[in-house]
file work-v1.tsv (TSV, C-alpha atoms)
chain	number	residue	atom	x	y	z
A	1	MET	CA	205.86	130.08	115.40
A	2	ALA	CA	208.84	132.34	116.03
A	3	HIS	CA	208.42	136.10	115.93
A	4	TYR	CA	210.48	137.40	113.01
A	5	ILE	CA	212.54	140.43	114.05
A	6	HIS	CA	213.62	142.64	111.17
A	7	ASP	CA	213.57	146.37	110.59
A	8	LYS	CA	215.97	148.35	108.38
A	9	ASP	CA	215.56	151.49	110.49
A	10	PRO	CA	218.11	151.26	113.36
A	11	LYS	CA	215.99	153.67	115.43
A	12	SER	CA	212.63	152.14	114.59
A	13	GLU	CA	209.94	152.89	117.16
A	14	ALA	CA	207.78	150.18	115.61
A	15	LEU	CA	210.49	147.61	116.32
A	16	ILE	CA	210.70	148.70	119.95
A	17	ARG	CA	206.94	148.38	120.35
A	18	ALA	CA	206.99	144.94	118.71
A	19	LEU	CA	209.76	143.72	121.02
A	20	GLU	CA	207.96	145.04	124.08
A	21	ASN	CA	204.95	142.84	123.25
A	22	ILE	CA	206.74	139.55	122.65
A	23	PRO	CA	205.92	137.15	125.51
A	24	ARG	CA	208.36	134.90	127.31
A	25	CYS	CA	208.30	131.24	126.32
A	26	PRO	CA	209.25	129.13	129.36
A	27	GLY	CA	210.57	125.65	128.73
A	28	THR	CA	213.52	123.29	128.82
A	29	CYS	CA	216.69	123.93	126.85
A	30	PHE	CA	219.35	121.32	126.39
A	31	PHE	CA	222.59	121.13	124.50
A	32	MET	CA	223.91	117.79	123.25
A	33	ASP	CA	227.45	117.32	122.00
A	34	ILE	CA	228.85	114.19	120.38
A	35	ASN	CA	232.28	113.47	121.75
A	36	ARG	CA	235.34	112.87	119.55
A	37	SER	CA	233.30	113.73	116.46
A	38	THR	CA	236.13	115.85	115.08
A	39	ASP	CA	238.80	113.23	115.80
A	40	ILE	CA	237.06	110.46	113.89
A	41	LYS	CA	236.85	112.60	110.76
A	42	TYR	CA	240.65	112.48	110.58
A	43	MET	CA	240.80	108.78	111.43
A	44	GLY	CA	238.34	107.41	108.88
A	45	GLY	CA	236.27	108.25	105.84
A	46	LEU	CA	232.68	109.37	105.53
A	47	THR	CA	231.42	105.79	105.49
A	48	ASP	CA	232.78	105.34	109.02
A	49	TRP	CA	232.00	108.61	110.79
A	50	GLY	CA	228.82	109.26	108.80
A	51	ARG	CA	227.42	105.90	109.92
A	52	LYS	CA	228.32	106.52	113.55
A	53	LEU	CA	226.79	110.00	113.54
A	54	ASN	CA	223.63	108.65	111.95
A	55	ASN	CA	223.31	105.95	114.60
A	56	THR	CA	224.03	108.36	117.45
A	57	PHE	CA	221.55	110.98	116.25
A	58	ASN	CA	218.91	108.27	115.82
A	59	ASN	CA	219.38	107.13	119.40
A	60	LEU	CA	219.50	110.60	120.95
A	61	LEU	CA	216.82	112.32	118.92
A	62	TYR	CA	214.48	110.09	116.97
A	63	ALA	CA	214.11	107.34	119.56
A	64	ASN	CA	212.96	110.01	122.03
A	65	HIS	CA	210.90	111.97	119.46
A	66	PHE	CA	213.10	115.05	120.01
A	67	GLN	CA	213.67	115.68	116.31
A	68	HIS	CA	210.95	118.34	116.17
A	69	ASN	CA	212.61	120.24	119.03
A	70	ILE	CA	215.96	120.76	117.31
A	71	VAL	CA	216.64	124.48	117.07
A	72	LYS	CA	220.12	124.57	115.62
A	73	GLY	CA	223.28	122.58	115.17
A	74	ILE	CA	226.86	123.79	115.25
A	75	GLY	CA	229.11	121.03	114.01
A	76	ASP	CA	228.04	118.01	116.04
A	77	GLU	CA	226.60	120.03	118.94
A	78	MET	CA	222.84	120.58	118.97
A	79	MET	CA	220.55	122.94	120.79
A	80	LEU	CA	217.03	121.73	121.52
A	81	PHE	CA	214.15	123.53	123.21
A	82	ILE	CA	210.84	122.13	124.48
A	83	PRO	CA	208.31	124.80	125.48
A	84	ASP	CA	206.30	123.97	128.60
A	85	GLU	CA	203.02	124.04	126.69
A	86	GLU	CA	204.35	121.43	124.28
A	87	LEU	CA	205.78	119.18	126.99
A	88	VAL	CA	202.59	118.96	129.04
A	89	ASN	CA	200.53	118.18	125.92
A	90	LYS	CA	202.61	115.19	124.87
A	91	PRO	CA	200.61	111.93	125.04
A	92	SER	CA	203.31	110.32	127.21
A	93	ASN	CA	206.57	111.20	128.97
A	94	ASN	CA	205.13	114.66	129.48
A	95	ASN	CA	207.04	115.85	132.53
A	96	TYR	CA	210.57	116.90	133.44
A	97	PHE	CA	211.43	113.65	135.22
A	98	ALA	CA	210.49	111.61	132.13
A	99	LEU	CA	212.51	113.98	129.95
A	100	LEU	CA	215.60	113.42	132.09
A	101	GLU	CA	215.04	109.66	132.16
A	102	ASP	CA	214.78	109.55	128.36
A	103	ILE	CA	218.07	111.38	127.90
A	104	TYR	CA	219.82	109.28	130.53
A	105	ALA	CA	218.54	106.06	128.91
A	106	SER	CA	219.85	107.12	125.50
A	107	ILE	CA	223.34	107.84	126.82
A	108	PHE	CA	223.26	104.62	128.86
A	109	LEU	CA	222.42	102.59	125.75
A	110	ILE	CA	225.27	104.16	123.81
A	111	ARG	CA	227.78	103.67	126.62
A	112	HIS	CA	226.91	100.03	127.27
A	113	HIS	CA	226.05	98.81	123.79
A	114	PRO	CA	227.85	95.51	123.10
A	115	ASP	CA	229.18	96.86	119.80
A	116	PRO	CA	231.30	99.96	120.60
A	117	ASP	CA	231.81	100.62	116.89
A	118	LEU	CA	228.20	101.68	116.29
A	119	PHE	CA	227.88	104.89	118.32
A	120	LEU	CA	229.79	107.87	119.69
A	121	ASN	CA	229.57	108.93	123.32
A	122	CYS	CA	227.82	112.16	124.24
A	123	LYS	CA	227.56	114.89	126.84
A	124	VAL	CA	224.53	117.01	127.71
A	125	ALA	CA	223.55	120.17	129.61
A	126	ILE	CA	219.94	120.90	130.62
A	127	HIS	CA	218.40	124.07	132.07
A	128	TYR	CA	214.84	125.12	132.83
A	129	CYS	CA	214.38	128.52	131.20
A	130	THR	CA	212.06	131.38	132.06
A	131	GLU	CA	213.99	134.26	130.48
A	132	VAL	CA	213.62	133.09	126.88
A	133	TYR	CA	211.78	134.30	123.78
A	134	ASN	CA	210.71	132.47	120.62
A	135	ILE	CA	212.19	134.97	118.17
A	136	THR	CA	214.35	134.81	115.07
A	137	PHE	CA	216.35	137.38	113.13
A	138	PHE	CA	216.28	135.23	109.99
A	139	GLU	CA	213.05	134.84	108.01
A	140	GLY	CA	211.61	131.34	108.00
A	141	ALA	CA	213.81	130.05	110.82
A	142	ASN	CA	212.75	128.97	114.29
A	143	ASP	CA	214.93	130.04	117.20
A	144	TYR	CA	215.00	130.98	120.87
A	145	TYR	CA	216.96	133.80	122.49
A	146	GLY	CA	217.40	134.93	126.07
A	147	SER	CA	219.80	134.89	129.00
A	148	ASP	CA	218.69	131.40	130.00
A	149	ILE	CA	219.69	130.02	126.60
A	150	ASP	CA	223.15	131.51	127.09
A	151	LEU	CA	223.31	129.98	130.57
A	152	THR	CA	222.57	126.54	129.17
A	153	ALA	CA	225.57	126.91	126.89
A	154	ARG	CA	227.70	127.91	129.89
A	155	LEU	CA	226.59	124.76	131.74
A	156	MET	CA	227.88	122.73	128.80
A	157	THR	CA	231.42	123.70	129.81
A	158	LYS	CA	230.98	121.54	132.93
A	159	SER	CA	230.01	118.43	131.04
A	160	VAL	CA	232.27	115.60	129.94
A	161	GLU	CA	231.70	112.36	128.07
A	162	ASN	CA	228.71	110.39	129.43
A	163	ARG	CA	227.69	113.21	131.77
A	164	ILE	CA	224.49	115.24	132.06
A	165	VAL	CA	224.79	118.64	133.73
A	166	LEU	CA	221.47	119.90	135.04
A	167	SER	CA	220.80	123.30	136.49
A	168	GLU	CA	219.29	123.49	139.95
A	169	LYS	CA	216.20	125.07	138.38
A	170	PHE	CA	215.67	122.01	136.20
A	171	TYR	CA	216.50	119.67	139.10
A	172	ILE	CA	213.77	121.32	141.21
A	173	LYS	CA	211.27	120.76	138.39
A	174	VAL	CA	212.23	117.08	138.32
A	175	LYS	CA	211.90	116.77	142.12
A	176	ASN	CA	208.46	118.37	142.00
A	177	ASP	CA	207.40	115.77	139.42
A	178	LEU	CA	208.48	113.00	141.79
A	179	VAL	CA	206.31	114.48	144.52
A	180	ASN	CA	203.32	114.72	142.18
A	181	LEU	CA	203.88	111.16	140.97
A	182	GLU	CA	204.30	109.93	144.56
A	183	LEU	CA	207.73	108.50	143.79
A	184	GLU	CA	210.81	108.32	146.02
A	185	SER	CA	213.32	111.15	145.71
A	186	ASP	CA	216.02	108.80	144.37
A	187	THR	CA	213.83	107.14	141.74
A	188	GLY	CA	215.48	106.10	138.50
A	189	CYS	CA	218.61	107.95	137.44
A	190	LEU	CA	218.28	110.42	140.33
A	191	GLN	CA	219.97	107.90	142.62
A	192	TRP	CA	223.25	108.92	140.95
A	193	VAL	CA	222.81	112.68	140.89
A	194	SER	CA	225.53	114.70	142.60
A	195	ALA	CA	225.37	117.22	145.38
A	196	ARG	CA	224.89	120.84	144.38
A	197	PHE	CA	227.74	122.84	142.84
A	198	ILE	CA	227.97	126.62	142.55
A	199	GLU	CA	229.81	128.37	139.72
A	200	ASN	CA	230.34	131.95	138.59
A	201	PHE	CA	230.15	131.80	134.80
A	202	LYS	CA	231.65	134.50	132.63
A	203	GLY	CA	229.05	137.11	131.68
A	204	VAL	CA	226.44	135.82	134.15
A	205	PRO	CA	225.92	138.39	136.95
A	206	THR	CA	224.80	135.87	139.60
A	207	SER	CA	226.13	132.51	140.76
A	208	THR	CA	224.67	129.43	139.09
A	209	GLU	CA	223.72	126.27	140.98
A	210	PHE	CA	223.88	122.95	139.16
A	211	ARG	CA	224.32	119.20	139.60
A	212	VAL	CA	225.97	116.51	137.51
A	213	LEU	CA	224.68	113.10	136.59
A	214	ASP	CA	227.30	110.66	135.32
A	215	VAL	CA	225.75	107.83	133.34
A	216	GLN	CA	226.65	104.65	135.20
call {"tool": "encode", "arguments": {"input": "work-v1.tsv", "output": "structure tokens"}}
result
Amino acid sequence: MAHYIHDKDPKSEALIRALENIPRCPGTCFFMDINRSTDIKYMGGLTDWGRKLNNTFNNLLYANHFQHNIVKGIGDEMMLFIPDEELVNKPSNNNYFALLEDIYASIFLIRHHPDPDLFLNCKVAIHYCTEVYNITFFEGANDYYGSDIDLTARLMTKSVENRIVLSEKFYIKVKNDLVNLELESDTGCLQWVSARFIENFKGVPTSTEFRVLDVQ
């Protein structure tokens, strides 16, 4: 449950003490954006774009049981967060490699579905977060804040339709899973992952390493 942050006193010592005792909540953050979702609203009525959004959300979220990890949506872009303690306790697909494979499979299905009128293509950014806190400034809401959440949003600027951008930190987690599972380093979708890129994102004081995975 998120820690609710609210104090009417702008100099509250109690608020400072409360913030000092909130623990980090490491986990995986990913942003998903449905491409052309604004365009289709001008091209057709609700019966057209509403159906396509429904189908796309079903494939991305419900088929992978991600619906409980949705934190917020802005238009047709969603932020999801899976804390480590929740991921490892899942009955199946409970590692970072499986998480990546699930997302890749969903985008692959959408891209190659025989009926192109059913879905909308997507783009995704994924980052493994350590500097993140399960806090909210709005009573009753669940949310996550921290510099790693902001970095995930920055990574989204490097994604395009049918592409997954993954931070090097998340990529290392996936590679470690392959070692533990005694699988080859290019197992599954990793055979198509790019070499490492380095970018200096606005507002981020250090360079960020990431890779891209274009859904084939």
call {"tool": "closest_residue", "arguments": {"input": "work-v1.tsv", "among": "A:Arg17, A:Gly203, A:Asn55, A:Glu209", "to": "His113 of chain A", "atoms": "only C-alpha atoms"}}
result
A:Asn55
call {"tool": "residues_around", "arguments": {"input": "work-v1.tsv", "residues": "Asn35 of chain A", "least_positions_apart": "2", "cutoff": "7 Å", "atoms": "all atoms listed in the file", "output": "PyMOL selection string"}}
result
chain A and resi 33+37+120-122+161
call {"tool": "atom_distance", "arguments": {"input": "work-v1.tsv", "atom1": "atom CA of Thr130 of chain A", "atom2": "atom CA of Glu85 of chain A"}}
result
12.8 Å
call {"tool": "residues_around", "arguments": {"input": "work-v1.tsv", "residues": "Val212 of chain A", "least_positions_apart": "3", "cutoff": "7 Å", "atoms": "all atoms listed in the file", "output": "number ranges by chain"}}
result
A: 163-166, 193-194
call {"tool": "closest_residue", "arguments": {"input": "work-v1.tsv", "among": "A:Glu77, A:Asp186, A:Asp84, A:Asp102", "to": "Leu60 of chain A", "atoms": "all atoms listed in the file"}}
result
A:Asp102
call {"tool": "atom_distance", "arguments": {"input": "work-v1.tsv", "atom1": "atom CA of Asn64 of chain A", "atom2": "atom CA of Ile103 of chain A"}}
result
7.9 Å
call {"tool": "atom_distance", "arguments": {"input": "work-v1.tsv", "atom1": "atom CA of Thr28 of chain A", "atom2": "atom CA of Gln67 of chain A"}}
result
14.6 Å
call {"tool": "closest_residue", "arguments": {"input": "work-v1.tsv", "among": "A:Val215, A:Met43, A:Phe31, A:Gly146", "to": "Ile126 of chain A", "atoms": "all atoms listed in the file"}}
result
A:Phe31
call {"tool": "closest_residue", "arguments": {"input": "work-v1.tsv", "among": "A:Cys129, A:Leu118, A:Leu100, A:Val160", "to": "Asp177 of chain A", "atoms": "only C-alpha atoms"}}
result
A:Leu100
call {"tool": "residues_around", "arguments": {"input": "work-v1.tsv", "residues": "Thr206 of chain A", "least_positions_apart": "5", "cutoff": "12 Å", "atoms": "all atoms listed in the file", "output": "ChimeraX atom specification"}}
result
/A:147,151,198-201
call {"tool": "closest_residue", "arguments": {"input": "work-v1.tsv", "among": "A:Ala18, A:Pro205, A:Gly140, A:Met32", "to": "Gly75 of chain A", "atoms": "all atoms listed in the file"}}
result
A:Met32
call {"tool": "closest_residue", "arguments": {"input": "work-v1.tsv", "among": "A:Ile40, A:Met1, A:Met78, A:Cys25", "to": "Asp117 of chain A", "atoms": "all atoms listed in the file"}}
result
A:Ile40
